[in-house]
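Trainee: If it helps, the file is called start.cif and holds mmCIF, C-alpha atoms:
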```cif
data_start
loop_
_atom_site.label_atom_id
_atom_site.label_comp_id
_atom_site.auth_asym_id
_atom_site.auth_seq_id
_atom_site.Cartn_x
_atom_site.Cartn_y
_atom_site.Cartn_z
CA MET A 94 -10.60 -13.24 8.10
CA THR A 95 -8.21 -15.20 10.32
CA PHE A 96 -4.45 -15.47 10.58
CA ASP A 97 -4.66 -18.63 8.47
CA ASN A 98 -5.61 -16.44 5.50
CA ILE A 99 -2.31 -14.56 5.73
CA ILE A 100 0.64 -15.91 3.77
CA GLY A 101 3.82 -16.30 5.84
CA GLN A 102 4.53 -13.94 8.77
CA ALA A 103 4.48 -16.78 11.32
CA GLU A 104 6.50 -14.82 13.89
CA THR A 105 4.25 -11.75 13.70
CA LYS A 106 1.12 -13.87 13.97
CA GLN A 107 2.48 -15.65 17.02
CA ARG A 108 3.42 -12.38 18.69
CA LEU A 109 -0.06 -10.92 18.20
CA ILE A 110 -1.72 -14.09 19.47
CA ALA A 111 0.63 -14.31 22.47
CA GLU A 112 -0.17 -10.74 23.51
CA TRP A 113 -3.89 -11.44 23.16
CA GLN A 114 -3.55 -14.61 25.25
CA ALA A 115 -1.68 -12.66 27.92
CA GLY A 116 -4.26 -9.86 27.91
CA ARG A 117 -1.65 -7.31 26.79
CA ILE A 118 -3.71 -5.75 24.04
CA PRO A 119 -2.47 -2.22 23.26
CA HIS A 120 -4.97 0.54 22.71
CA ALA A 121 -2.89 1.72 19.74
CA LEU A 122 -0.89 -0.73 17.62
CA MET A 123 1.08 0.00 14.47
CA LEU A 124 2.02 -2.70 11.98
CA ARG A 125 4.83 -1.18 9.93
CA GLY A 126 6.87 -2.60 7.11
CA PRO A 127 7.27 -2.84 3.34
CA GLN A 128 4.47 -2.86 0.82
CA GLY A 129 3.07 -6.27 0.01
CA ALA A 130 3.97 -7.96 3.30
CA GLY A 131 0.35 -8.57 4.35
CA LYS A 132 0.07 -5.94 7.10
CA LEU A 133 -3.54 -5.03 6.33
CA GLY A 134 -4.55 -8.69 6.43
CA LEU A 135 -2.83 -9.08 9.79
CA ALA A 136 -4.68 -6.02 11.08
CA VAL A 137 -8.07 -7.32 9.96
CA ALA A 138 -7.36 -10.82 11.31
CA TYR A 139 -6.35 -9.35 14.68
CA ALA A 140 -9.46 -7.15 14.72
CA THR A 141 -11.63 -10.21 13.99
CA LEU A 142 -10.05 -12.00 16.95
CA LEU A 143 -10.63 -9.02 19.25
CA LEU A 144 -14.31 -8.84 18.26
CA CYS A 145 -15.06 -12.58 18.34
CA GLU A 146 -17.54 -13.56 21.07
CA HIS A 147 -16.13 -17.08 21.63
CA PRO A 148 -12.48 -17.15 20.54
CA GLN A 149 -10.51 -20.36 20.93
CA ALA A 150 -7.56 -20.53 23.29
CA ASP A 151 -5.07 -20.74 20.41
CA GLY A 152 -6.17 -17.33 19.10
CA THR A 153 -8.55 -18.57 16.42
CA PRO A 154 -11.93 -16.79 16.12
CA CYS A 155 -14.83 -19.21 16.50
CA GLY A 156 -16.17 -18.38 13.06
CA GLU A 157 -19.73 -19.07 14.22
CA CYS A 158 -20.79 -16.16 16.39
CA ASN A 159 -22.66 -13.14 15.06
CA SER A 160 -19.53 -10.99 15.31
CA CYS A 161 -17.52 -13.40 13.17
CA HIS A 162 -20.26 -13.53 10.54
CA MET A 163 -20.38 -9.73 10.32
CA ALA A 164 -16.59 -9.35 10.36
CA ARG A 165 -16.32 -11.84 7.50
CA LYS A 166 -18.21 -9.37 5.30
CA PHE A 167 -16.33 -6.39 6.84
CA GLU A 168 -19.70 -5.10 8.07
CA HIS A 169 -19.29 -5.45 11.84
CA PRO A 170 -20.69 -2.23 13.38
CA ASP A 171 -17.78 -2.08 15.84
CA LEU A 172 -15.12 -2.69 13.17
CA HIS A 173 -14.33 0.66 11.60
CA PHE A 174 -12.01 1.44 8.71
CA THR A 175 -10.41 4.71 7.79
CA PHE A 176 -8.26 5.19 4.70
CA PRO A 177 -6.99 7.92 2.37
CA ILE A 178 -9.41 9.15 -0.27
CA VAL A 179 -9.77 11.65 -3.08
CA ARG A 180 -12.63 14.10 -3.34
CA GLY A 181 -13.38 13.24 -6.97
CA THR A 182 -16.96 13.70 -8.16
CA LYS A 183 -18.51 12.14 -5.05
CA ILE A 184 -17.47 14.86 -2.63
CA LYS A 185 -17.97 18.54 -3.37
CA ASP A 186 -16.76 20.08 -0.11
CA ALA A 187 -13.68 19.24 1.96
CA LYS A 188 -15.78 19.28 5.14
CA ASP A 189 -17.66 16.28 3.75
CA ALA A 190 -14.51 14.42 2.66
CA LEU A 191 -14.95 11.18 4.61
CA SER A 192 -13.78 7.66 3.86
CA ASP A 193 -17.39 6.58 4.54
CA PHE A 194 -18.25 7.83 1.04
CA TYR A 195 -16.10 5.01 -0.36
CA ILE A 196 -16.96 2.27 2.14
CA LYS A 197 -18.74 0.13 -0.50
CA GLU A 198 -15.68 0.24 -2.76
CA TRP A 199 -13.44 -0.49 0.24
CA ARG A 200 -15.42 -3.56 1.29
CA ARG A 201 -15.49 -4.78 -2.29
CA ARG A 202 -11.71 -4.43 -2.47
CA LEU A 203 -11.22 -6.32 0.80
CA LEU A 204 -13.55 -9.10 -0.30
CA GLY A 205 -11.41 -9.45 -3.43
CA GLY A 206 -8.27 -10.05 -1.37
CA ILE A 207 -6.13 -8.23 1.17
CA TYR A 208 -2.99 -8.00 -0.99
CA PHE A 209 -3.43 -4.66 -2.74
CA ASP A 210 -1.71 -1.28 -2.75
CA LEU A 211 -2.55 2.41 -3.00
CA ASN A 212 -2.58 2.32 -6.79
CA ASP A 213 -5.21 -0.43 -6.73
CA TRP A 214 -7.25 1.65 -4.31
CA LEU A 215 -6.95 4.75 -6.47
CA ALA A 216 -8.25 2.73 -9.41
CA ASP A 217 -11.22 1.62 -7.30
CA MET A 218 -11.99 5.27 -6.63
CA LYS A 219 -11.50 6.04 -10.34
CA ALA A 220 -8.81 8.50 -9.32
CA GLU A 221 -5.52 7.17 -10.72
CA ASN A 222 -4.32 10.71 -11.50
CA GLN A 223 -4.97 12.17 -8.04
CA GLN A 224 -3.21 11.91 -4.70
CA ALA A 225 -5.14 10.26 -1.90
CA THR A 226 -5.08 11.89 1.52
CA TYR A 227 -6.91 12.18 4.84
CA TYR A 228 -8.97 15.34 5.21
CA VAL A 229 -9.47 17.03 8.58
CA ALA A 230 -13.13 16.01 8.53
CA GLU A 231 -12.00 12.38 8.80
CA ALA A 232 -10.45 12.93 12.24
CA ASP A 233 -13.69 14.52 13.46
CA ASN A 234 -15.64 11.57 12.08
CA ILE A 235 -13.39 9.07 13.86
CA GLN A 236 -13.97 10.88 17.13
CA ARG A 237 -17.74 10.78 16.61
CA LYS A 238 -17.76 7.07 15.81
CA LEU A 239 -15.62 6.01 18.75
CA ALA A 240 -17.52 8.22 21.21
CA LEU A 241 -20.59 6.04 20.65
CA LYS A 242 -21.26 3.00 22.79
CA SER A 243 -20.19 -0.35 21.36
CA ASN A 244 -23.00 -1.74 19.20
CA GLN A 245 -22.37 -5.34 20.27
CA GLY A 246 -21.39 -4.54 23.85
CA GLY A 247 -17.72 -5.49 23.39
CA ARG A 248 -14.64 -3.85 21.95
CA LYS A 249 -14.46 -1.26 19.19
CA VAL A 250 -11.64 -1.47 16.65
CA MET A 251 -10.49 1.22 14.24
CA VAL A 252 -8.21 0.03 11.43
CA VAL A 253 -6.21 2.97 10.03
CA TRP A 254 -4.67 2.26 6.62
CA LEU A 255 -1.64 4.36 5.62
CA PRO A 256 -1.67 7.00 8.38
CA GLU A 257 1.37 8.57 6.70
CA LYS A 258 -1.10 10.10 4.23
CA MET A 259 -2.46 12.40 6.96
CA ASN A 260 -1.46 16.03 6.98
CA ALA A 261 -0.43 17.67 10.24
CA ASP A 262 -3.88 19.09 11.04
CA THR A 263 -5.60 15.73 10.61
CA ALA A 264 -2.93 13.85 12.54
CA ASN A 265 -2.99 16.29 15.46
CA LYS A 266 -6.77 15.94 15.75
CA LEU A 267 -6.49 12.16 15.70
CA LEU A 268 -3.74 12.33 18.33
CA LYS A 269 -6.21 13.59 20.94
CA ILE A 270 -8.35 10.47 20.82
CA ILE A 271 -5.32 8.16 20.63
CA GLU A 272 -4.01 9.76 23.82
CA GLU A 273 -7.31 9.25 25.66
CA PRO A 274 -9.32 6.58 23.85
CA PRO A 275 -12.74 5.48 25.13
CA ALA A 276 -12.68 2.27 27.15
CA GLY A 277 -12.46 -0.88 25.06
CA THR A 278 -11.28 1.00 21.96
CA HIS A 279 -8.33 -0.21 19.90
CA PHE A 280 -6.51 1.44 17.02
CA ILE A 281 -4.67 -0.80 14.57
CA MET A 282 -2.56 1.23 12.14
CA VAL A 283 -1.02 -0.13 8.96
CA SER A 284 1.93 1.88 7.66
CA GLU A 285 4.43 1.52 4.83
CA GLU A 286 6.30 4.76 5.60
CA ALA A 287 6.09 5.08 9.37
CA ASP A 288 8.82 7.74 9.40
CA LYS A 289 6.27 10.08 7.79
CA VAL A 290 3.70 9.58 10.56
CA LEU A 291 3.40 12.36 13.13
CA GLY A 292 6.05 11.67 15.77
CA THR A 293 3.69 12.12 18.71
CA ILE A 294 1.36 9.49 17.23
CA LEU A 295 4.27 7.09 16.76
CA SER A 296 5.31 7.54 20.37
CA ARG A 297 1.86 6.49 21.56
CA THR A 298 1.66 3.29 19.56
CA GLN A 299 3.13 -0.13 20.11
CA GLN A 300 5.03 -0.76 16.90
CA ILE A 301 5.56 -4.16 15.32
CA TYR A 302 7.76 -4.48 12.27
CA VAL A 303 6.32 -6.82 9.64
CA PRO A 304 9.20 -8.10 7.47
CA PRO A 305 9.01 -8.65 3.71
CA LEU A 306 7.80 -11.98 2.44
CA SER A 307 10.22 -14.51 1.04
CA PRO A 308 10.33 -14.63 -2.79
CA GLU A 309 8.19 -17.77 -2.79
CA GLU A 310 5.65 -16.26 -0.40
CA TYR A 311 5.57 -13.01 -2.35
CA ASN A 312 4.89 -14.84 -5.61
CA GLN A 313 2.01 -16.65 -3.91
CA ALA A 314 0.53 -13.45 -2.49
CA HIS A 315 1.20 -11.29 -5.55
CA PRO A 316 0.98 -13.26 -8.79
CA PRO A 317 2.25 -11.18 -11.75
CA ARG A 318 -0.37 -8.79 -13.10
CA GLU A 319 -0.59 -7.05 -16.43
CA ASP A 320 0.02 -3.30 -16.44
CA MET A 321 0.02 -2.73 -20.16
CA GLU A 322 0.13 1.06 -19.97
CA SER A 323 3.30 1.04 -17.85
CA PHE A 324 4.78 -1.75 -19.96
CA ASP A 325 4.20 0.15 -23.21
CA LEU A 326 5.68 3.34 -21.76
CA PHE A 327 8.74 1.43 -20.52
CA VAL A 328 9.27 -0.23 -23.91
CA MET A 329 8.95 3.12 -25.66
CA LEU A 330 11.48 4.72 -23.31
CA MET A 331 14.02 1.96 -23.82
CA ARG A 332 13.65 1.82 -27.60
CA LEU A 333 13.83 5.58 -28.08
CA SER A 334 16.82 5.76 -25.73
CA TYR A 335 18.64 3.00 -27.60
CA GLN A 336 17.95 4.80 -30.89
CA ARG A 337 18.95 8.14 -29.32
CA LYS A 338 15.83 9.88 -30.57
CA VAL A 339 16.02 12.91 -28.32
CA LYS A 340 13.11 14.77 -29.92
CA ASP A 341 10.83 11.76 -29.48
CA LEU A 342 12.05 11.35 -25.91
CA ARG A 343 11.03 14.94 -25.25
CA ASP A 344 7.55 14.09 -26.49
CA TRP A 345 7.57 11.00 -24.26
CA SER A 346 8.54 13.18 -21.29
CA ASN A 347 5.72 15.61 -22.04
CA HIS A 348 3.27 12.71 -22.08
CA MET A 349 4.58 11.43 -18.74
CA ALA A 350 4.30 14.91 -17.25
CA GLY A 351 0.60 14.93 -18.13
CA LEU A 352 -0.12 11.91 -15.94
CA GLY A 353 -1.06 12.35 -12.29
CA ARG A 354 1.68 12.21 -9.69
CA GLU A 355 0.52 8.90 -8.23
CA ARG A 356 0.43 7.37 -11.69
CA GLN A 357 3.94 8.67 -12.36
CA LYS A 358 5.23 7.08 -9.17
CA GLN A 359 3.47 3.84 -10.02
CA PHE A 360 5.20 3.80 -13.41
CA LEU A 361 8.64 4.40 -11.91
CA THR A 362 8.10 1.65 -9.35
CA TYR A 363 7.01 -0.68 -12.14
CA CYS A 364 10.14 0.16 -14.14
CA GLN A 365 12.40 -0.74 -11.22
CA HIS A 366 10.59 -4.06 -10.89
CA LEU A 367 10.95 -4.79 -14.61
CA LEU A 368 14.64 -3.85 -14.63
CA ARG A 369 15.34 -6.16 -11.73
CA GLU A 370 13.50 -9.02 -13.45
CA ASN A 371 15.39 -8.44 -16.70
CA PHE A 372 18.70 -8.55 -14.89
CA MET A 373 17.71 -11.84 -13.22
CA PHE A 374 16.47 -13.13 -16.61
CA ASN A 375 20.10 -13.29 -17.76
CA PHE A 376 20.93 -15.93 -15.14
CA GLN A 377 18.47 -18.40 -16.70
CA ARG A 378 16.86 -19.16 -13.35
CA PRO A 379 13.13 -18.98 -14.16
CA GLU A 380 12.13 -19.65 -10.54
CA LEU A 381 13.67 -16.28 -9.60
CA VAL A 382 11.88 -14.26 -12.28
CA ARG A 383 8.37 -12.78 -11.99
CA LEU A 384 7.23 -11.72 -15.46
CA THR A 385 3.91 -11.87 -17.26
CA PRO A 386 3.93 -13.65 -20.64
CA THR A 387 4.01 -10.28 -22.43
CA GLU A 388 6.94 -9.06 -20.33
CA ALA A 389 8.80 -12.35 -20.75
CA ALA A 390 8.48 -12.16 -24.55
CA PHE A 391 9.99 -8.67 -24.51
CA SER A 392 12.76 -9.67 -22.10
CA LYS A 393 14.08 -12.41 -24.38
CA ASN A 394 15.68 -9.71 -26.51
CA PHE A 395 15.94 -6.85 -24.04
CA ALA A 396 17.48 -8.53 -20.96
CA ARG A 397 21.00 -8.56 -22.42
CA PHE A 398 21.05 -4.75 -22.24
CA ILE A 399 20.65 -4.86 -18.44
CA ASN A 400 23.87 -6.28 -17.07
CA GLU A 401 26.29 -6.09 -14.16
CA ARG A 402 27.87 -2.91 -15.56
CA ASN A 403 24.75 -0.77 -15.74
CA VAL A 404 21.98 -2.34 -13.64
CA ILE A 405 22.81 -0.44 -10.47
CA PRO A 406 23.20 3.04 -12.03
CA ILE A 407 20.02 2.56 -14.09
CA MET A 408 18.07 1.49 -11.00
CA GLU A 409 19.47 4.49 -9.13
CA GLU A 410 18.25 6.85 -11.87
CA PHE A 411 14.71 5.48 -11.64
CA ALA A 412 14.78 5.60 -7.84
CA ARG A 413 16.03 9.19 -7.95
CA ALA A 414 13.26 10.12 -10.37
CA GLU A 415 10.67 8.55 -8.06
CA THR A 416 12.01 10.58 -5.13
CA ASP A 417 11.93 13.78 -7.18
CA ILE A 418 8.34 13.15 -8.27
CA SER A 419 7.36 12.51 -4.64
CA GLN A 420 8.89 15.86 -3.72
CA ASN A 421 6.93 17.70 -6.43
CA VAL A 422 9.89 18.45 -8.70
CA ASN A 423 8.81 19.50 -12.19
CA ALA A 424 7.75 16.23 -13.83
CA ARG A 425 8.65 17.21 -17.39
CA MET A 426 12.20 17.99 -16.29
CA VAL A 427 12.46 14.80 -14.21
CA PHE A 428 11.38 12.48 -17.01
CA PHE A 429 13.43 14.16 -19.73
CA ASP A 430 16.54 14.05 -17.57
CA LEU A 431 15.82 10.37 -16.83
CA ALA A 432 15.53 9.65 -20.56
CA LEU A 433 18.87 11.36 -21.29
CA GLN A 434 20.59 9.32 -18.57
CA ILE A 435 19.14 6.09 -19.98
CA ILE A 436 20.64 6.93 -23.40
CA VAL A 437 24.09 6.89 -21.82
CA LEU A 438 23.64 3.92 -19.52
CA LEU A 439 21.82 1.54 -21.83
CA ILE A 440 24.83 0.88 -24.07
CA GLN A 441 27.34 0.17 -21.28
#
```
Please rewrite the model in this file as structure tokens.
Mentor:
Amino acid sequence: MTFDNIIGQAETKQRLIAEWQAGRIPHALMLRGPQGAGKLGLAVAYATLLLCEHPQADGTPCGECNSCHMARKFEHPDLHFTFPIVRGTKIKDAKDALSDFYIKEWRRRLLGGIYFDLNDWLADMKAENQQATYYVAEADNIQRKLALKSNQGGRKVMVVWLPEKMNADTANKLLKIIEEPPAGTHFIMVSEEADKVLGTILSRTQQIYVPPLSPEEYNQAHPPREDMESFDLFVMLMRLSYQRKVKDLRDWSNHMAGLGRERQKQFLTYCQHLLRENFMFNFQRPELVRLTPTEAAFSKNFARFINERNVIPIMEEFARAETDISQNVNARMVFFDLALQIIVLLIQ
């Protein structure tokens, strides 16, 4: 993995390379920014550069040394990954809840491409209806790993994906080793909601904001994917709302309430994406629209209902519902209220 594998982000790449060339490599770095910008890929590319035995002057790993070969498979013994997990059926006791239990799935996901999100990772763990988190045992495991001598005699790098998923106990334990890391140890954190990371951890990291990709870059990195379950639920919501079938909407809300919280948030995010694309569909500018063939077929008739009079209030209702779900508000109430609001807004 090199910076050439990352779409866009020229300024961020150059900054990382310039600091490496100047020898100003922080012991704790945080790449923060919106989902889908390529932060994890940047982190892995930077880690590969730090571990390379014969890097080129322009910041390109040699690609030939033993470290590069191992890093290419994400199996370098001094390249460590930590990420949120669920206990599921693999882990019976919280004291054994380590990301190491899912390292094969993690490597498989990385080998498939670095542009993925938490919902993709939950699916890999077969845990779409659970919330991923860091358990306290993970912080202890990080300390044990980094206390060991470097396997290859060089640096050790710990890539921390979504540190905002740590609870206070886990974060405070991790803080101790970030404050006094072993020599030659580097933390590279990748965060989408840095404001939720423990403040004392934030204060001890060098933060680099990774901006969103341009629409063209985003389309290249994230080609439209089918999510038929979310699509079908969205279509049902819109049709029942248009027909004002309140009893059926109550049943729809009960079904939504039975899904896991992460799946509910994924659905609401998907709906906001689909609403935005349907609004843009009306302008007859296909280069601005990202729809799968199934979504596009639906939008031919539906897009006219999403217009300049109602697009903003409808989007706000879905965003409000997503916030409420994130804050553990009763899901049945959230989705039924959302459905009632859509009845009113859809005919404006």
Trainee: A:Ala350, A:Met373, A:Val283, A:Leu330: which is nearest Arg397 of chain A, counting only C-alpha atoms?
Mentor: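 Of the candidates, the smallest distance to Arg397 of chain A is held by A:Met373.
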Trainee: I need the output of the PyMOL selection byres ((chain A and resi 420-434) around 8) for this file as a CSV table (one decimal) with C-alpha atoms, keeping the file's coordinate frame; which residues are they?
Mentor:
```
chain,number,residue,atom,x,y,z
A,330,LEU,CA,11.5,4.7,-23.3
A,334,SER,CA,16.8,5.8,-25.7
A,339,VAL,CA,16.0,12.9,-28.3
A,342,LEU,CA,12.0,11.4,-25.9
A,343,ARG,CA,11.0,14.9,-25.2
A,346,SER,CA,8.5,13.2,-21.3
A,347,ASN,CA,5.7,15.6,-22.0
A,349,MET,CA,4.6,11.4,-18.7
A,350,ALA,CA,4.3,14.9,-17.2
A,410,GLU,CA,18.2,6.8,-11.9
A,411,PHE,CA,14.7,5.5,-11.6
A,414,ALA,CA,13.3,10.1,-10.4
A,416,THR,CA,12.0,10.6,-5.1
A,417,ASP,CA,11.9,13.8,-7.2
A,418,ILE,CA,8.3,13.2,-8.3
A,419,SER,CA,7.4,12.5,-4.6
A,435,ILE,CA,19.1,6.1,-20.0
A,436,ILE,CA,20.6,6.9,-23.4
A,437,VAL,CA,24.1,6.9,-21.8
A,438,LEU,CA,23.6,3.9,-19.5
```
Trainee: When you look at Ser296 of chain A with a cut-off of 12 Å (counting all atoms listed in the file), what residues show up, excluding the ones that are within fewer than 6 positions of it in the same chain? I need them as a short mmCIF file (atom, residue, chain, number, x, y, z; two decimals) with C-alpha atoms, keeping the file's coordinate frame.
Mentor:
```cif
data_model
loop_
_atom_site.label_atom_id
_atom_site.label_comp_id
_atom_site.auth_asym_id
_atom_site.auth_seq_id
_atom_site.Cartn_x
_atom_site.Cartn_y
_atom_site.Cartn_z
CA ALA A 121 -2.89 1.72 19.74
CA LEU A 122 -0.89 -0.73 17.62
CA MET A 123 1.08 0.00 14.47
CA LEU A 268 -3.74 12.33 18.33
CA ILE A 271 -5.32 8.16 20.63
CA GLU A 272 -4.01 9.76 23.82
CA ALA A 287 6.09 5.08 9.37
CA ASP A 288 8.82 7.74 9.40
CA VAL A 290 3.70 9.58 10.56
#
```
Trainee: For a quick check of understanding, using only C-alpha atoms, which of A:Lys269, A:Arg378, A:Thr141, A:Pro275 has the smallest distance to Met163 of chain A?
Mentor: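 Smallest distance to Met163 of chain A is found for A:Thr141.
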Trainee: Go through segment 159-246 of chain A residue by residue and, counting only C-alpha atoms, keep those with an atom at most 9 Å from segment 130-134 of chain A; for each kept residue give the shortest atom pair and its distance in Å to one decimal, ordered by chain and increasing number, as a Markdown table.
Mentor:
```
| residue | atom | partner | partner_atom | distance |
| --- | --- | --- | --- | --- |
| A:Gly206 | CA | A:Gly134 | CA | 8.7 |
| A:Ile207 | CA | A:Gly134 | CA | 5.5 |
| A:Tyr208 | CA | A:Gly131 | CA | 6.3 |
| A:Phe209 | CA | A:Gly131 | CA | 8.9 |
```
Trainee: Convert the output of the PyMOL selection byres ((chain A and resi 108) around 12) on the shown file into explicit residues, formatted as number ranges by chain.
Mentor: A: 96, 102-107, 109-115, 117-118, 124, 135, 139, 152, 300-303
Trainee: Hey, which of A:Asp320, A:Glu157, A:Glu168, A:Asp210 ends up closest to Leu367 of chain A? Count all atoms listed in the file.
Mentor: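 Smallest distance to Leu367 of chain A is found for A:Asp320.
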Trainee: When the PyMOL selection byres ((chain A and resi 153) around 9) is applied to the file above, which residues end up in the set, as an NGL selection string?
Mentor: :A and (95-97 or 110 or 142 or 148-152 or 154-156)
Trainee: Residues near Arg237 of chain A, anyone? I mean within 12 Å using only C-alpha atoms, not counting same-chain ones fewer than 2 positions away, as a list in words.
Mentor: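 Residues meeting the cut-off are His173, Ala230, Glu231, Ala232, Asp233, Asn234, Ile235, Leu239, Ala240, Leu241, Lys242, Leu267, Ile270, Pro274 and Pro275 of chain A.
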Trainee: Please dump the current selection as a PDB file, in the frame of the given file; keep C-alpha atoms.
Mentor:
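Dumped to part10.pdb:
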```
ATOM      1  CA  HIS A 173     -14.330   0.660  11.600  1.00  0.00           C
ATOM      2  CA  ALA A 230     -13.130  16.010   8.530  1.00  0.00           C
ATOM      3  CA  GLU A 231     -12.000  12.380   8.800  1.00  0.00           C
ATOM      4  CA  ALA A 232     -10.450  12.930  12.240  1.00  0.00           C
ATOM      5  CA  ASP A 233     -13.690  14.520  13.460  1.00  0.00           C
ATOM      6  CA  ASN A 234     -15.640  11.570  12.080  1.00  0.00           C
ATOM      7  CA  ILE A 235     -13.390   9.070  13.860  1.00  0.00           C
ATOM      8  CA  LEU A 239     -15.620   6.010  18.750  1.00  0.00           C
ATOM      9  CA  ALA A 240     -17.520   8.220  21.210  1.00  0.00           C
ATOM     10  CA  LEU A 241     -20.590   6.040  20.650  1.00  0.00           C
ATOM     11  CA  LYS A 242     -21.260   3.000  22.790  1.00  0.00           C
ATOM     12  CA  LEU A 267      -6.490  12.160  15.700  1.00  0.00           C
ATOM     13  CA  ILE A 270      -8.350  10.470  20.820  1.00  0.00           C
ATOM     14  CA  PRO A 274      -9.320   6.580  23.850  1.00  0.00           C
ATOM     15  CA  PRO A 275     -12.740   5.480  25.130  1.00  0.00           C
TER      16      PRO A 275
END
```
Trainee: As a list in words, please: the residues near Phe374 of chain A (cut-off 12 Å, all atoms listed in the file, same-chain neighbours under 3 positions excluded).
Mentor: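 Skipping anything fewer than 3 positions along the chain leaves Leu367, Leu368, Arg369, Glu370, Asn371, Gln377, Arg378, Pro379, Glu380, Leu381, Val382, Arg383, Leu384, Glu388, Ala389, Ala390, Phe391, Ser392, Lys393, Asn394, Phe395, Ala396, Arg397, Phe398, Ile399 and Asn400 of chain A.
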Trainee: Could you please determine the separation between atom CA of Ser284 of chain A and atom CA of Val253 of chain A in Å, to one decimal place?
Mentor: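 Taking atom CA of Ser284 of chain A as the start and atom CA of Val253 of chain A as the end point, the length is 8.5 Å.
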Trainee: Hey, could you pull the box centre and edge lengths for segment 236-239 of chain A, axis-aligned, 4 Å padding per side, all listed atoms, to one decimal in Å, as AutoDock Vina command-line options?
Mentor:
```
--center_x -15.9 --center_y 8.4 --center_z 17.3 --size_x 11.8 --size_y 12.9 --size_z 10.9
```
